[in-house]
Amino acid sequence: MRRSPKDQVESERRIGRRAMLLGTVQAAAIATLAIRLRYLQVDQAAEFKLLADENSIKIRLLPPARGLILERGGHVIAGNEQNYRITITREDAGDTDMVLDRIARLVAFEPGKIDDVRAEIARRSPTLPITVADRLDWQEFSRVAVNAPALPGVTTEVGLSRFYPHGPDFAHVLGYVGPVSDYDLSKLSDPDPLLQIPRFQIGKLGVESKFEDTLRGKAGTKRIEVNSTGRVMRELGRVEGEPGADVQLTIDYRLQNYVQARLGEESAAAVVLDLEKGDVLAINSAPSFDPNLFVRGISGPEYRALTDHDHRPLADKTVQGAYPPGSTFKLVTAMAALEAGVISSDETVYCPGYTQLGDRKFHCWKRAGHGYMDMVESLQQSCDVYYYEVAQRTGIDKISEMARKFGIGVKFDLPMSAISEGLAPDRNWKQSTYDKPWLIGDTLNTGIGQGYVLASPLQLAVMSARIATGRAIVPRLVQAVGGKEVPSEPAPSLGLSDAFLNTVRRGMFEVSNTQRGTAYGSRIVDETMWMAGKTGTSQVRNITAAERARGVVSNDDLPWERRDHALFVSFAPYEAPRIAVSIVVEHGGGGSAAAAPIARDIVLQALYGGLPPLSAYPQSQRNRIEAQRNELKLLPPDDNSAGGQSRA
Amino acid sequence: MSYLEYNVKTVPSGIRKILYVNWPLAILLAAVASVGFLMLNSVSGGRPEIWAEPQMERFAFGMAAMLVIGFIPIWFWRSISALAYLGSLALLLAVEFFGSIGMGAQRWIELGPLRLQPSELMKIALVMLLAAYYDWLDIKRVSRPLWVLLPAALILVPTALVLKQPDLGTAILLMAGGGIVMFLAGVSLWYFGTVIALVVALVFGVFESRGTDWQLIEDYQFRRIDTFLDPSTDPLGAGYNITQAHIALGSGGWAGKGYMQGTQSRLNFLPEKHTDFIFTTLAEEFGFVGAMSLLVLYLLILGFCIASAAANRDRFSSLLIYGLSGTFFLFFMVNMGMVTGLMPVVGVPLPLVSYGGTAMIILLCAFGLIQSAHIHRPR
């Protein structure tokens with residue numbers, strides 16, 4: 001179409017005008033954009049930089065190496081071992097099923113385990129490494145490492161985990177570590193950030209738990225750069241943490257090992273105290289269990305086997321168990337009577353076999369009676385009637401005061417779990433607990449260690465330690481923390497008369513060294529090692545008058561759980577005491593038969609610092625002792641490497 | 001003035017046309033595209049074979065296409081503009097019925113190895129047809145209602161088709177591109193005023209209707225608007241993209257973190273980092289200085305186009321250049337406005353920089369038309 005020149009000029013002018021308008025609008029838009037960019041990139045830059053860093057830089061905790069637990073001589077009893085594990089990252093693996101099948105050909109899996117891993121892989125983010133197997137042995141680990149090219153997405157890692165080289169020997173003392181639980185976290189108001197690490201292991205029981213803060217150490221940190229899916233791209237820097245401090249116990253690992261082996265499968269407890277500072281040289285509860293099972297994650301059947309066992313391997317009988325001390329308590333009654341001045345050491349009491357109290361008869365264990373007994377003889381032969389009489393004269397309050405003086409009914413603060421306080425009953429206690437007055441019959445029962453009185457094996461060991469020294473010995477389990485000795489002061493005197501103490505000690509000597517003594521069968525013939533002791537047999541059932549009339553059934557004829565507890569307390573050597581030992585064999589029968597021989601073996605082992613020569617035993621018993629000794633599973637003599645000193 | 005009236009003698013012919021190409025414009029296009037190659041290399045983590053190299057090949061092809069189109073006389077292009085429009089419309093309809101679905105919308109049509117987005121073609125064809133229309137139309141009739149209604153219909157038909165795909169971004173660009181040509185042609189401002197007033201009223205009505213019985217749009221659409229207005233209300237959902245883009249832009253600061261040092265893009269915090277959000281990587285790695293530099297390059301391209309259009313006495317050529325460069329302006333403004341949070345997120349790529357199939361080639365073809373108008377301008 002033809003256009004007139006006038007139109008042409010008009011058209012150009014109009015377009016030019018409109019173009020100016022459009023250009024202005026465009027310029028305004030661009031200016032707005034520039035201002036916006038300036039605002040975001042210059043004015044707000046600092047804030048956005050921070051956000052970008054928060055996006056991409058994450059801080060990960062580096063778990064510190066847990067402090068070691070050492071025994072008296074510096075031998076490691078709780079160490080850290082390298083834990084070889086393999087992980088798989090789904091994103092990198094591609095075909096995870098194929099990769100897992102290949103791993104299964106290299107590593108032995110428990111049945112079902114591989115399905116668990118598959119389920120976990122499916123559940124978790126594809127960029128997160130999932131543990132396929134841990135605690136591999138070196139061979140399996142290296143097989144996987146060598147085949148790495150054929151295993152995409154598989155990483156081999158080395159971590160640290162707790163290891164107890166002496167397993168069952170120290171299970172009750174050390175306790176064990178396990179993964180931190182929600183319950184553990186709920187108990188803490190300000191939990192250490194370390195505890196948030198999944199599967200981080202903390203002490204659950206015993207020394208591991210009581211010294212948790214010392215052993216744990218301080219977390220290190222590493223700064224890593226992650227992408228939007230959380231995958232680690234590179235490490236930007238790290239601050240090493242502090243490893244946990246070592247804790248050294250007073251226990252002698254060889255003695256501990258011997259005692260555990262000697263107690264064997266009995267349901268029993270033994271405590272060995274050093275009389276110088278009260279060091280616990282051995283403290284064993286039997287039967288025991290392997291704490292390493294708990295570190296690895298105990299299986300259901302394994303755990304049920306432990307909880308269903310009638311000998312209660314999980315219970316620590318040395319400090320948790322509270323038993324009627326039986327005749328071992330006569331030491332307390334005797335000392336209380338002497339101190340109260342109600343009887344002299346050479347005054348005799350006639351034992352007809354029973355004591356009549358109102359219409360109730362209190363029997364002596366020897367139906368025929370002991371005849372005239374002085375104090376030493378009463379201890380030697382463990383005459384009940386003598387103590388019925390003496391206890392009546394002394395009164396319950398003085399007896400229980402003496403019991404507490406010897407440590408019964410007193411809680412000793414060892415770093416172990418669920419420590420029992422025992423019980424030294426008196427009038428006030430019965431009134432407030434049962435709302436009933438104390439009866440004279442209660443005093444008689446208490447006098448021979450039956451009735452309400454309860455003591456733990458630890459308290460019994462403290463009792464004999466205090467009798468042996470006359471000092472208020474307090475047991476201690478920790479020798480050094482972080483390489484620093486724990487200071488110990490010499491125990492103060494109990495303020496008891498030496499003459500009276502000597503009478504009681506003499507009585508204990510005669511128990512195991514004179515023919516009429518109840519533990520004569522467990523005598524030591526090496527006179528530098530003479531053991532002084534006291535047997536105890538505590539009833540776990542009441543003997544009714546009807547039963548007594550039929551004749552008391554022998555322990556051997558009773559089912560195990562109704563038999564008496566066998567007890568023995570002792571110190572040695574008699575002339576210059578160095579150690580105190582207490583033994584409780586649950587349902588073991590009589591103290592002289594079941595407990596005293598164990599105590600003698602332990603005493604000799606402790607005093608010799610190893611297996612004693614057979615010449616320490618009476619001639620007639622040597623063959624039997626030797627046979628018995630060969631049965632024991634002990635540590636090899638010069639094995640000092642078993643501790644796994646590695647700290648890595 | 002029709003092509004018959006061109007003084008053919010004054011128009012360069014044959015190989016000499018190469019001297020009359022708007023070379024500064026071509027060089028600016030290459031400069032912007034090079035920024036794109038650089039950034040594509042960066043977001044791929046230094047592996048150019050992923051995005052940068054295919055993009056370079058496409059750019060080379062596009063530049064060749066631009067020259068070929070530029071050498072063809074402008075009157076040829078004017079004469080086929082109606083055909084181009086109808087062809088694009090046919091393809092748009094074809095997409096409607098046979099198109100493949102990508103990213104939740106029907107946009108593509110497969111033509112052998114070529115994945116064609118007809119809406120891209122339509123953007124050019126619409127501007128061509130409108131420019132031809134106003135070239136033909138008597139200048140006195142421009143604002144007559146009937147002669148306004150026709151171009152309005154020409155704009156609205158493809159816009160409606162694109163909106164149905166649904167592709168809001170392209171629909172807005174089509175409307176705006178067509179509107180620019182109408183505006184420049186001198187259509188009375190009253191029409192524009194009325195349309196703007198209607199749009200404002202509609203927006204107002206939509207917001208007012210929220211929560212009432214006569215609610216005009218769906219709840220999820222309201223939530224999208226909320227997210228645009230305040231991305232922090234939905235930091236992990238739809239707001240995530242915007243928030244992360246802001247972090248990338250802001251953390252770049254004045255001078256940026258350095259080439260290939262942008263944590264936001266390298267660590268995959270940025271969405272669509274090689275396409276719609278590539279500007280954020282540039283701004284993160286080269287800072288305010290880098291972002292402004294790209295903006296200035298775009299501005300220069302726009303400036304050369306306007307200068308060429310202003311100097312062109314042919315009405316069709318002038319309107320075509322204004323219209324196409326205006327569409328180009330809308331392209332980068334909407335993209336940058338979107339990533340800086342000035343506009344809602346409406347998938348529009350950054351022209352010449354974003355990695356994109358045929359979009360870059362078609363855009364260079366549009367610049368080919370601008371070159372043709374420049375080379376064959378009446379002298």
# chains A, B, ... in the order shown; residues from 1 in each chain; ligands from 1

$ residues_around --residues "Val390 in chain A" --least-positions-apart "5" --cutoff "10 Å" --atoms "only C-alpha atoms" --output "PDB file with N, CA and C atoms, in the first residue's frame"
ATOM      1  N   LYS A 330      29.006 -63.440 115.113  1.00  0.00           N
ATOM      2  CA  LYS A 330      29.355 -63.664 116.518  1.00  0.00           C
ATOM      3  C   LYS A 330      30.585 -62.861 116.914  1.00  0.00           C
ATOM      4  N   THR A 333      29.113 -59.683 118.120  1.00  0.00           N
ATOM      5  CA  THR A 333      28.478 -59.864 119.429  1.00  0.00           C
ATOM      6  C   THR A 333      29.549 -59.997 120.519  1.00  0.00           C
ATOM      7  N   ALA A 334      30.599 -60.785 120.220  1.00  0.00           N
ATOM      8  CA  ALA A 334      31.653 -60.989 121.199  1.00  0.00           C
ATOM      9  C   ALA A 334      32.335 -59.676 121.546  1.00  0.00           C
ATOM     10  N   ALA A 336      31.185 -56.653 121.124  1.00  0.00           N
ATOM     11  CA  ALA A 336      30.266 -55.733 121.796  1.00  0.00           C
ATOM     12  C   ALA A 336      30.155 -56.091 123.268  1.00  0.00           C
ATOM     13  N   ALA A 337      30.121 -57.394 123.562  1.00  0.00           N
ATOM     14  CA  ALA A 337      29.984 -57.838 124.947  1.00  0.00           C
ATOM     15  C   ALA A 337      31.232 -57.486 125.758  1.00  0.00           C
ATOM     16  N   LEU A 338      32.400 -57.714 125.169  1.00  0.00           N
ATOM     17  CA  LEU A 338      33.638 -57.402 125.875  1.00  0.00           C
ATOM     18  C   LEU A 338      33.712 -55.906 126.162  1.00  0.00           C
ATOM     19  N   VAL A 342      30.120 -56.892 129.906  1.00  0.00           N
ATOM     20  CA  VAL A 342      29.127 -57.811 130.460  1.00  0.00           C
ATOM     21  C   VAL A 342      29.693 -59.212 130.622  1.00  0.00           C
ATOM     22  N   ILE A 343      30.862 -59.422 130.054  1.00  0.00           N
ATOM     23  CA  ILE A 343      31.492 -60.731 130.200  1.00  0.00           C
ATOM     24  C   ILE A 343      32.996 -60.510 130.045  1.00  0.00           C
ATOM     25  N   VAL A 349      30.276 -69.924 129.887  1.00  0.00           N
ATOM     26  CA  VAL A 349      28.817 -70.051 129.828  1.00  0.00           C
ATOM     27  C   VAL A 349      28.552 -71.527 129.540  1.00  0.00           C
ATOM     28  N   MET A 375      35.117 -67.467 125.835  1.00  0.00           N
ATOM     29  CA  MET A 375      34.873 -66.737 124.587  1.00  0.00           C
ATOM     30  C   MET A 375      35.641 -67.328 123.402  1.00  0.00           C
ATOM     31  N   ASP A 384      26.211 -71.506 119.793  1.00  0.00           N
ATOM     32  CA  ASP A 384      25.122 -70.541 119.718  1.00  0.00           C
ATOM     33  C   ASP A 384      24.653 -70.107 121.106  1.00  0.00           C
ATOM     34  N   VAL A 385      24.584 -71.051 122.012  1.00  0.00           N
ATOM     35  CA  VAL A 385      24.021 -70.753 123.327  1.00  0.00           C
ATOM     36  C   VAL A 385      24.839 -69.676 124.034  1.00  0.00           C
ATOM     37  N   GLY A 395      22.632 -56.447 125.051  1.00  0.00           N
ATOM     38  CA  GLY A 395      21.517 -55.633 124.548  1.00  0.00           C
ATOM     39  C   GLY A 395      21.726 -55.276 123.092  1.00  0.00           C
ATOM     40  N   THR A 443      16.863 -60.107 119.867  1.00  0.00           N
ATOM     41  CA  THR A 443      18.246 -59.915 120.283  1.00  0.00           C
ATOM     42  C   THR A 443      19.016 -61.232 120.183  1.00  0.00           C
ATOM     43  N   LEU A 444      18.349 -62.336 120.647  1.00  0.00           N
ATOM     44  CA  LEU A 444      19.027 -63.634 120.600  1.00  0.00           C
ATOM     45  C   LEU A 444      19.361 -64.007 119.150  1.00  0.00           C
ATOM     46  N   GLY A 447      22.114 -61.945 117.803  1.00  0.00           N
ATOM     47  CA  GLY A 447      23.391 -62.309 118.415  1.00  0.00           C
ATOM     48  C   GLY A 447      24.137 -63.375 117.626  1.00  0.00           C
TER      49      GLY A 447
END

$ closest_atom_pairs --of "chain B" --to "chain A" --cutoff "9 Å" --atoms "only C-alpha atoms" --output "CSV"
residue,atom,partner,partner_atom,distance
B:Met1,CA,A:Arg2,CA,5.9
B:Ser2,CA,A:Met1,CA,6.4
B:Glu5,CA,A:Arg2,CA,8.8
B:Asp135,CA,A:Met1,CA,8.8
B:Trp136,CA,A:Met1,CA,6.5
B:Leu137,CA,A:Met1,CA,8.7
B:Asp138,CA,A:Arg3,CA,8.2
B:Ile139,CA,A:Ser11,CA,6.9
B:Lys140,CA,A:Asp7,CA,8.8
B:Ile180,CA,A:Leu22,CA,8.0
B:Phe183,CA,A:Arg18,CA,6.9
B:Leu184,CA,A:Arg18,CA,5.1
B:Ala185,CA,A:Ile15,CA,6.1
B:Gly186,CA,A:Arg14,CA,6.2
B:Gln244,CA,A:Ala52,CA,8.4
B:His246,CA,A:Leu40,CA,7.4
B:Ile247,CA,A:Phe48,CA,5.0
B:Ala248,CA,A:Ala52,CA,7.0
B:Leu249,CA,A:Gln41,CA,6.1
B:Gly250,CA,A:Gln41,CA,4.4
B:Ser251,CA,A:Lys49,CA,3.9
B:Gly252,CA,A:Gln41,CA,6.3
B:Gly253,CA,A:Gln41,CA,4.5
B:Trp254,CA,A:Val42,CA,5.6
B:Gly256,CA,A:Gln41,CA,9.0
B:Thr263,CA,A:Ser56,CA,6.9
B:Gln264,CA,A:Ala52,CA,6.7
B:Arg266,CA,A:Asn227,CA,7.8
B:Leu267,CA,A:Asn227,CA,4.1
B:Asn268,CA,A:Ser228,CA,5.4
B:Phe269,CA,A:Ser228,CA,4.9
B:Leu270,CA,A:Ser228,CA,8.5
B:Ala283,CA,A:Gln41,CA,8.2
B:Glu284,CA,A:Gln41,CA,8.8
B:Gly287,CA,A:Gln41,CA,6.9
B:Phe288,CA,A:Gln41,CA,5.8
B:Ala291,CA,A:Leu37,CA,7.8
B:Met292,CA,A:Ala34,CA,7.0
B:Leu295,CA,A:Ile30,CA,8.1
B:Leu299,CA,A:Ile30,CA,8.4
B:Ile306,CA,A:Ala19,CA,8.2
B:Ala310,CA,A:Gly16,CA,6.8
B:Arg313,CA,A:Glu12,CA,6.9
B:Asp314,CA,A:Glu12,CA,8.7
B:Arg315,CA,A:Glu12,CA,7.4
B:Ser318,CA,A:Ile15,CA,8.3
B:Leu319,CA,A:Ile15,CA,8.0
B:Tyr322,CA,A:Ala19,CA,7.8
B:Gly326,CA,A:Gln26,CA,8.7
B:Phe329,CA,A:Gln26,CA,7.9
B:Leu330,CA,A:Gln26,CA,9.0
B:Met333,CA,A:Ile30,CA,7.5
B:Met336,CA,A:Leu33,CA,7.5
B:Gly337,CA,A:Leu33,CA,6.7
B:Thr340,CA,A:Leu37,CA,7.1
B:Gly341,CA,A:Arg36,CA,8.7
B:Leu342,CA,A:Arg36,CA,7.9

$ select_by_dssp --residues "range 70-309 of chain A" --states "alpha helix (DSSP H)" --output "ChimeraX atom specification"
/A:90-93,96-106,113-123,138-146,171-174,182-186,206-210,212-216,253-263,291-296,300-308

$ residues_around --residues "Leu215 in chain A" --least-positions-apart "5" --cutoff "10 Å" --atoms "only C-alpha atoms" --output "ChimeraX atom specification"
/A:64-69,202-203,207-210,243-247,481-482

$ write_last_selection --atoms "N, CA and C atoms" --output "PDB file, in the first residue's frame"
ATOM      1  N   PRO A  64      36.127 -38.927  71.110  1.00  0.00           N
ATOM      2  CA  PRO A  64      37.462 -39.138  71.672  1.00  0.00           C
ATOM      3  C   PRO A  64      37.650 -40.608  72.030  1.00  0.00           C
ATOM      4  N   ALA A  65      38.917 -41.024  72.147  1.00  0.00           N
ATOM      5  CA  ALA A  65      39.190 -42.390  72.612  1.00  0.00           C
ATOM      6  C   ALA A  65      38.827 -42.459  74.087  1.00  0.00           C
ATOM      7  N   ARG A  66      38.091 -43.496  74.473  1.00  0.00           N
ATOM      8  CA  ARG A  66      37.677 -43.629  75.858  1.00  0.00           C
ATOM      9  C   ARG A  66      38.883 -43.992  76.720  1.00  0.00           C
ATOM     10  N   GLY A  67      38.917 -43.416  77.938  1.00  0.00           N
ATOM     11  CA  GLY A  67      40.020 -43.714  78.845  1.00  0.00           C
ATOM     12  C   GLY A  67      40.100 -45.201  79.155  1.00  0.00           C
ATOM     13  N   LEU A  68      41.308 -45.670  79.414  1.00  0.00           N
ATOM     14  CA  LEU A  68      41.482 -47.084  79.737  1.00  0.00           C
ATOM     15  C   LEU A  68      41.191 -47.303  81.211  1.00  0.00           C
ATOM     16  N   ILE A  69      40.876 -48.527  81.553  1.00  0.00           N
ATOM     17  CA  ILE A  69      40.807 -48.887  82.964  1.00  0.00           C
ATOM     18  C   ILE A  69      41.922 -49.903  83.196  1.00  0.00           C
ATOM     19  N   ILE A 202      28.364 -45.321  76.087  1.00  0.00           N
ATOM     20  CA  ILE A 202      28.652 -44.768  77.412  1.00  0.00           C
ATOM     21  C   ILE A 202      28.578 -45.897  78.429  1.00  0.00           C
ATOM     22  N   GLY A 203      29.183 -45.647  79.613  1.00  0.00           N
ATOM     23  CA  GLY A 203      29.182 -46.641  80.675  1.00  0.00           C
ATOM     24  C   GLY A 203      27.770 -46.845  81.182  1.00  0.00           C
ATOM     25  N   VAL A 207      32.182 -49.367  87.263  1.00  0.00           N
ATOM     26  CA  VAL A 207      33.177 -48.314  87.132  1.00  0.00           C
ATOM     27  C   VAL A 207      32.971 -47.546  85.824  1.00  0.00           C
ATOM     28  N   GLU A 208      32.626 -48.241  84.764  1.00  0.00           N
ATOM     29  CA  GLU A 208      32.390 -47.583  83.479  1.00  0.00           C
ATOM     30  C   GLU A 208      31.331 -46.491  83.612  1.00  0.00           C
ATOM     31  N   SER A 209      30.323 -46.758  84.404  1.00  0.00           N
ATOM     32  CA  SER A 209      29.253 -45.786  84.567  1.00  0.00           C
ATOM     33  C   SER A 209      29.630 -44.696  85.574  1.00  0.00           C
ATOM     34  N   LYS A 210      30.245 -45.115  86.706  1.00  0.00           N
ATOM     35  CA  LYS A 210      30.550 -44.137  87.759  1.00  0.00           C
ATOM     36  C   LYS A 210      31.652 -43.170  87.341  1.00  0.00           C
ATOM     37  N   PRO A 243      41.420 -37.291  74.638  1.00  0.00           N
ATOM     38  CA  PRO A 243      41.010 -38.635  75.027  1.00  0.00           C
ATOM     39  C   PRO A 243      40.651 -38.672  76.511  1.00  0.00           C
ATOM     40  N   GLY A 244      39.809 -39.613  76.873  1.00  0.00           N
ATOM     41  CA  GLY A 244      39.415 -39.751  78.268  1.00  0.00           C
ATOM     42  C   GLY A 244      40.600 -40.110  79.153  1.00  0.00           C
ATOM     43  N   ALA A 245      40.485 -39.773  80.454  1.00  0.00           N
ATOM     44  CA  ALA A 245      41.574 -40.085  81.380  1.00  0.00           C
ATOM     45  C   ALA A 245      41.489 -41.557  81.787  1.00  0.00           C
ATOM     46  N   ASP A 246      42.645 -42.150  82.037  1.00  0.00           N
ATOM     47  CA  ASP A 246      42.678 -43.539  82.480  1.00  0.00           C
ATOM     48  C   ASP A 246      42.307 -43.633  83.961  1.00  0.00           C
ATOM     49  N   VAL A 247      41.702 -44.733  84.312  1.00  0.00           N
ATOM     50  CA  VAL A 247      41.371 -44.982  85.714  1.00  0.00           C
ATOM     51  C   VAL A 247      42.080 -46.266  86.134  1.00  0.00           C
ATOM     52  N   VAL A 481      43.671 -41.744  89.068  1.00  0.00           N
ATOM     53  CA  VAL A 481      42.807 -41.260  87.978  1.00  0.00           C
ATOM     54  C   VAL A 481      43.648 -40.332  87.114  1.00  0.00           C
ATOM     55  N   GLY A 482      43.691 -40.622  85.838  1.00  0.00           N
ATOM     56  CA  GLY A 482      44.469 -39.787  84.927  1.00  0.00           C
ATOM     57  C   GLY A 482      45.940 -39.753  85.300  1.00  0.00           C
TER      58      GLY A 482
END

$ atom_distance --atom1 "CA of Ala322 in chain A" --atom2 "CA of Arg254 in chain A"
26.7 Å

$ residues_around --residues "range 122-124 of chain B" --least-positions-apart "5" --cutoff "12 Å" --atoms "only C-alpha atoms" --output "PyMOL selection string"
chain B and resi 77+81-93+116-117+129-131+154-159+161-162+169-179+181+320-328+330-331+359+362-370

$ select_by_dssp --residues "range 396-612 of chain A" --states "strand (DSSP E or B)" --output "PyMOL selection string"
chain A and resi 423+454-455+471+476+478-481+484-485+493+532-538+565-572+579-585

$ write_last_selection --atoms "N, CA and C atoms" --output "compact mmCIF listing (two decimals), in the first residue's frame"
# COMPACT_ATOMS: atom_id res chain seq x y z
N LEU A 423 22.20 -54.19 106.96
CA LEU A 423 21.32 -53.73 108.05
C LEU A 423 21.87 -54.17 109.40
N LEU A 454 21.65 -57.99 108.23
CA LEU A 454 22.07 -58.30 106.86
C LEU A 454 23.42 -57.66 106.59
N ALA A 455 24.27 -58.38 105.88
CA ALA A 455 25.57 -57.82 105.52
C ALA A 455 25.93 -58.26 104.11
N ARG A 471 41.59 -50.84 113.17
CA ARG A 471 41.46 -49.52 112.56
C ARG A 471 40.22 -49.49 111.66
N ARG A 476 38.77 -49.22 99.30
CA ARG A 476 38.87 -48.32 98.15
C ARG A 476 39.20 -49.12 96.91
N VAL A 478 39.76 -47.36 93.72
CA VAL A 478 40.46 -46.58 92.70
C VAL A 478 41.80 -46.11 93.24
N GLN A 479 42.84 -46.45 92.51
CA GLN A 479 44.19 -46.11 92.95
C GLN A 479 44.65 -44.81 92.32
N ALA A 480 44.35 -44.61 91.06
CA ALA A 480 44.81 -43.41 90.38
C ALA A 480 43.81 -43.05 89.30
N VAL A 481 43.67 -41.74 89.07
CA VAL A 481 42.81 -41.26 87.98
C VAL A 481 43.65 -40.33 87.11
N LYS A 484 47.16 -39.71 88.20
CA LYS A 484 47.40 -39.12 89.53
C LYS A 484 46.89 -40.04 90.61
N GLU A 485 47.77 -40.31 91.60
CA GLU A 485 47.38 -41.17 92.70
C GLU A 485 46.21 -40.57 93.45
N SER A 493 42.13 -45.27 114.29
CA SER A 493 41.81 -46.38 115.19
C SER A 493 40.32 -46.38 115.48
N ALA A 532 43.35 -66.69 110.20
CA ALA A 532 42.35 -66.64 111.26
C ALA A 532 41.01 -66.39 110.61
N GLY A 533 39.96 -67.11 111.08
CA GLY A 533 38.70 -66.94 110.36
C GLY A 533 37.49 -67.20 111.22
N LYS A 534 36.36 -67.13 110.61
CA LYS A 534 35.11 -67.49 111.30
C LYS A 534 34.14 -68.00 110.25
N THR A 535 33.62 -69.17 110.54
CA THR A 535 32.63 -69.75 109.63
C THR A 535 31.26 -69.16 109.90
N GLY A 536 30.40 -69.28 108.93
CA GLY A 536 29.01 -68.88 109.14
C GLY A 536 28.13 -69.70 108.24
N THR A 537 26.95 -70.04 108.78
CA THR A 537 25.98 -70.76 107.97
C THR A 537 24.67 -70.05 108.21
N SER A 538 24.14 -69.42 107.18
CA SER A 538 22.92 -68.66 107.47
C SER A 538 21.74 -69.34 106.83
N HIS A 565 23.09 -70.63 103.21
CA HIS A 565 24.24 -69.93 102.64
C HIS A 565 25.47 -70.26 103.47
N ALA A 566 26.58 -70.47 102.78
CA ALA A 566 27.83 -70.74 103.50
C ALA A 566 28.67 -69.48 103.50
N LEU A 567 29.19 -69.08 104.67
CA LEU A 567 29.99 -67.86 104.76
C LEU A 567 31.32 -68.14 105.45
N PHE A 568 32.28 -67.31 105.14
CA PHE A 568 33.55 -67.37 105.85
C PHE A 568 34.20 -66.01 105.78
N VAL A 569 34.64 -65.53 106.95
CA VAL A 569 35.42 -64.29 106.96
C VAL A 569 36.78 -64.61 107.56
N SER A 570 37.81 -63.93 107.07
CA SER A 570 39.14 -64.28 107.58
C SER A 570 40.12 -63.15 107.36
N PHE A 571 41.22 -63.24 108.09
CA PHE A 571 42.36 -62.38 107.78
C PHE A 571 43.62 -63.22 107.90
N ALA A 572 44.71 -62.75 107.31
CA ALA A 572 45.95 -63.52 107.33
C ALA A 572 47.10 -62.58 106.96
N ILE A 579 45.95 -59.20 104.74
CA ILE A 579 44.74 -59.20 103.92
C ILE A 579 43.55 -59.70 104.71
N ALA A 580 42.39 -59.28 104.28
CA ALA A 580 41.14 -59.80 104.83
C ALA A 580 40.33 -60.35 103.67
N VAL A 581 39.67 -61.49 103.91
CA VAL A 581 38.91 -62.15 102.85
C VAL A 581 37.53 -62.51 103.36
N SER A 582 36.52 -62.27 102.55
CA SER A 582 35.19 -62.77 102.91
C SER A 582 34.66 -63.60 101.75
N ILE A 583 33.94 -64.65 102.10
CA ILE A 583 33.35 -65.53 101.09
C ILE A 583 31.89 -65.77 101.45
N VAL A 584 31.03 -65.66 100.44
CA VAL A 584 29.65 -66.11 100.64
C VAL A 584 29.35 -67.07 99.49
N VAL A 585 28.93 -68.28 99.82
CA VAL A 585 28.48 -69.21 98.78
C VAL A 585 27.00 -69.39 98.99

$ decode --residues "range 16-22 of chain B" --atoms "N, CA, C and O atoms" --output "short mmCIF file (atom, residue, chain, number, x, y, z; two decimals), in the first residue's frame"
data_model
loop_
_atom_site.label_atom_id
_atom_site.label_comp_id
_atom_site.auth_asym_id
_atom_site.auth_seq_id
_atom_site.Cartn_x
_atom_site.Cartn_y
_atom_site.Cartn_z
N ARG B 16 28.46 -8.32 -0.34
CA ARG B 16 28.75 -7.04 0.30
C ARG B 16 27.88 -6.81 1.53
O ARG B 16 28.19 -5.98 2.37
N LYS B 17 26.78 -7.56 1.59
CA LYS B 17 25.89 -7.42 2.75
C LYS B 17 26.65 -7.64 4.07
O LYS B 17 26.30 -7.09 5.10
N ILE B 18 27.71 -8.44 3.97
CA ILE B 18 28.45 -8.77 5.19
C ILE B 18 29.04 -7.52 5.84
O ILE B 18 29.21 -7.45 7.04
N LEU B 19 29.29 -6.53 5.03
CA LEU B 19 29.83 -5.28 5.57
C LEU B 19 28.77 -4.47 6.29
O LEU B 19 29.07 -3.61 7.10
N TYR B 20 27.50 -4.74 5.97
CA TYR B 20 26.42 -3.93 6.52
C TYR B 20 25.71 -4.60 7.69
O TYR B 20 24.73 -4.09 8.20
N VAL B 21 26.21 -5.74 8.03
CA VAL B 21 25.66 -6.41 9.23
C VAL B 21 25.91 -5.51 10.44
O VAL B 21 26.93 -4.81 10.50
N ASN B 22 24.95 -5.52 11.37
CA ASN B 22 25.13 -4.75 12.61
C ASN B 22 26.12 -5.52 13.49
O ASN B 22 25.74 -6.27 14.38
#
